[in-house]
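Asker: Structure below; questions to follow.
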Amino acid sequence: MADVDKLELLDSYVTGNLMESEVLENKPSRDSMMSLPVKLNLSVPAAQEWVGTRRKQLKPWFRFVQTSKFQSPSSVPALGARIVKNIDHFQSNYLCIFVVLILYCLLTSPLLLFAVGTSLGACALISRKNVDQKICVFGQEISLAQQYGLIAMVSLPLFYLAGAGSVVFWVLGASMFFIVLHASFYNNESPEESFELPIQQV
């Protein structure tokens with residue numbers, strides 16, 4: 001019986017005698033047309049995996065601050081090569097310094113700490129509510145991304161009053177200064193590399 005129904009449907013496609021209900025059933029819905037072709041995976045396990053990778057690549061701090069390794073570069077090309085090599089080698093350590101500077105700014109600015117805490121709390125609250133029930137306004141469903149965008153827009157004046165812009169520029173400037181300074185003077189080359197470098201230059 002199922003084969004007969006399939007043959008009738010195929011015959012209706014070939015002859016062009018499609019019923020309106022069949023056309024509507026096969027028509028893609030508006031939700032499927034507006035959805036992304038690839039679903040983004042921004043889950044907690046992915047973040048945990050990224051943090052685990054950073055922790056594995058973290059170099060010992062006693063080597064990071066070893067004073068005997070600090071030497072001035074011999075030339076400008078050697079300086080560029082040293083900076084690139086040290087940033088690649090100590091990237092997790094530099095990331096930790098960046099996070100520490102952010103935490104320092106948050107702890108020394110109570111208003112900024114309140115603004116960040118309020119925004120993160122609102123995001124956590126709406127994500128929890130969306131698990132139980134979708135939020136609708138005037139009969140129209142609002143996606144989670146739109147809700148996050150609305151929280152960001154509402155939080156902008158609060159961040160502006162807390163001086164978040166100057167804090168961001170200070171953290172970026174201080175981080176770049178420290179990273180470039182450390183990467184420039186930390187000699188991470190093996191004795192063979194430091195011996196071969198002057199020969200290649202001559």
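Chain identifiers are assigned as A, B, and so on, following the order in which chains appear in the structure tokens; residues are numbered from 1 within each chain, and ligands are numbered from 1 in order of appearance.
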Need to verify the contact set: Ser109 in chain A, 10 Å, only C-alpha atoms, exclusion of same-chain residues closer than 4 positions in sequence. Can you return it as a VMD selection string?

Answerer: chain A and resid 103 to 105 113 to 114 162 to 164 167

Asker: Restricting the output to all heavy atoms, write the selected residues as a short mmCIF file (atom, residue, chain, number, x, y, z; two decimals), in the first residue's frame.

Answerer:
```cif
data_model
loop_
_atom_site.label_atom_id
_atom_site.label_comp_id
_atom_site.auth_asym_id
_atom_site.auth_seq_id
_atom_site.Cartn_x
_atom_site.Cartn_y
_atom_site.Cartn_z
N LEU A 103 41.89 41.26 36.49
CA LEU A 103 41.37 41.08 37.85
C LEU A 103 41.79 42.23 38.76
O LEU A 103 41.00 42.68 39.60
CB LEU A 103 41.86 39.74 38.42
CG LEU A 103 41.29 38.48 37.77
CD1 LEU A 103 41.93 37.24 38.36
CD2 LEU A 103 39.78 38.43 37.93
N TYR A 104 43.00 42.72 38.59
CA TYR A 104 43.47 43.86 39.39
C TYR A 104 42.59 45.09 39.13
O TYR A 104 42.20 45.79 40.07
CB TYR A 104 44.93 44.15 39.05
CG TYR A 104 45.43 45.46 39.62
CD1 TYR A 104 45.74 45.57 40.97
CD2 TYR A 104 45.57 46.58 38.80
CE1 TYR A 104 46.19 46.78 41.50
CE2 TYR A 104 46.01 47.78 39.32
CZ TYR A 104 46.33 47.87 40.67
OH TYR A 104 46.76 49.07 41.17
N CYS A 105 42.28 45.33 37.86
CA CYS A 105 41.43 46.48 37.52
C CYS A 105 40.02 46.31 38.08
O CYS A 105 39.40 47.28 38.55
CB CYS A 105 41.37 46.67 36.01
SG CYS A 105 42.91 47.30 35.32
N LEU A 113 33.38 46.43 38.80
CA LEU A 113 33.10 45.07 39.28
C LEU A 113 31.59 44.84 39.38
O LEU A 113 31.08 43.78 39.01
CB LEU A 113 33.78 44.85 40.63
CG LEU A 113 33.67 43.45 41.24
CD1 LEU A 113 34.32 42.42 40.35
CD2 LEU A 113 34.28 43.44 42.62
N PHE A 114 30.86 45.86 39.85
CA PHE A 114 29.40 45.75 39.93
C PHE A 114 28.78 45.64 38.54
O PHE A 114 27.86 44.85 38.33
CB PHE A 114 28.84 46.98 40.66
CG PHE A 114 27.35 47.07 40.65
CD1 PHE A 114 26.59 46.25 41.47
CD2 PHE A 114 26.70 47.97 39.81
CE1 PHE A 114 25.20 46.33 41.46
CE2 PHE A 114 25.32 48.04 39.78
CZ PHE A 114 24.56 47.22 40.61
N ALA A 162 31.35 53.43 34.62
CA ALA A 162 32.40 52.77 35.41
C ALA A 162 33.78 52.99 34.83
O ALA A 162 34.78 52.59 35.44
CB ALA A 162 32.10 51.28 35.51
N GLY A 163 33.88 53.62 33.65
CA GLY A 163 35.18 53.87 33.04
C GLY A 163 35.80 52.63 32.42
O GLY A 163 37.02 52.44 32.49
N ALA A 164 34.96 51.77 31.82
CA ALA A 164 35.47 50.52 31.26
C ALA A 164 36.39 50.77 30.07
O ALA A 164 37.34 50.01 29.85
CB ALA A 164 34.30 49.63 30.83
N VAL A 167 39.85 51.48 31.28
CA VAL A 167 40.41 50.26 31.87
C VAL A 167 40.89 49.30 30.79
O VAL A 167 41.97 48.71 30.89
CB VAL A 167 39.36 49.57 32.78
CG1 VAL A 167 39.79 48.16 33.15
CG2 VAL A 167 39.14 50.40 34.03
#
```

Asker: When you count only C-alpha atoms, which of these residues is closest to Ile151 in chain A: A:Ala124, A:Ile87, A:Leu107, A:Ile97?

Answerer: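 Counting only C-alpha atoms, the residue closest to Ile151 in chain A is A:Ala124.
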
Asker: With a distance cut-off of 12 Å and only C-alpha atoms, select the neighbouring residues of Lys56 in chain A, excluding the residue or stretch itself and same-chain residues fewer than 6 positions from it, and output the selection as a ChimeraX atom specification.

Answerer: /A:49-50,90-93

Asker: How about saving the chosen residues, C-alpha atoms kept, as a PDB file, in the first residue's frame?

Answerer:
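Heads up, here's the output in part_1.pdb:
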```pdb
ATOM      1  CA  GLU A  49      39.177  21.904  26.809  1.00  0.00           C
ATOM      2  CA  TRP A  50      40.653  25.282  25.844  1.00  0.00           C
ATOM      3  CA  PHE A  90      55.344  31.636  26.795  1.00  0.00           C
ATOM      4  CA  GLN A  91      51.896  32.415  25.371  1.00  0.00           C
ATOM      5  CA  SER A  92      50.051  30.777  28.288  1.00  0.00           C
ATOM      6  CA  ASN A  93      52.175  32.689  30.815  1.00  0.00           C
TER       7      ASN A  93
END
```

Asker: Could you name the residues that touch range 144-146 of chain A at 8 Å or less, counting only C-alpha atoms, but leaving out those on the same chain fewer than 3 positions away, as a list in words?

Answerer: Ile126, Ser127, Asn130, Gly149 and Leu150 of chain A

Asker: So which residues touch Met176 in chain A within 12 Å, counting only C-alpha atoms, skipping near sequence neighbours fewer than 2 positions away, as a count of residues only?

Answerer: 20
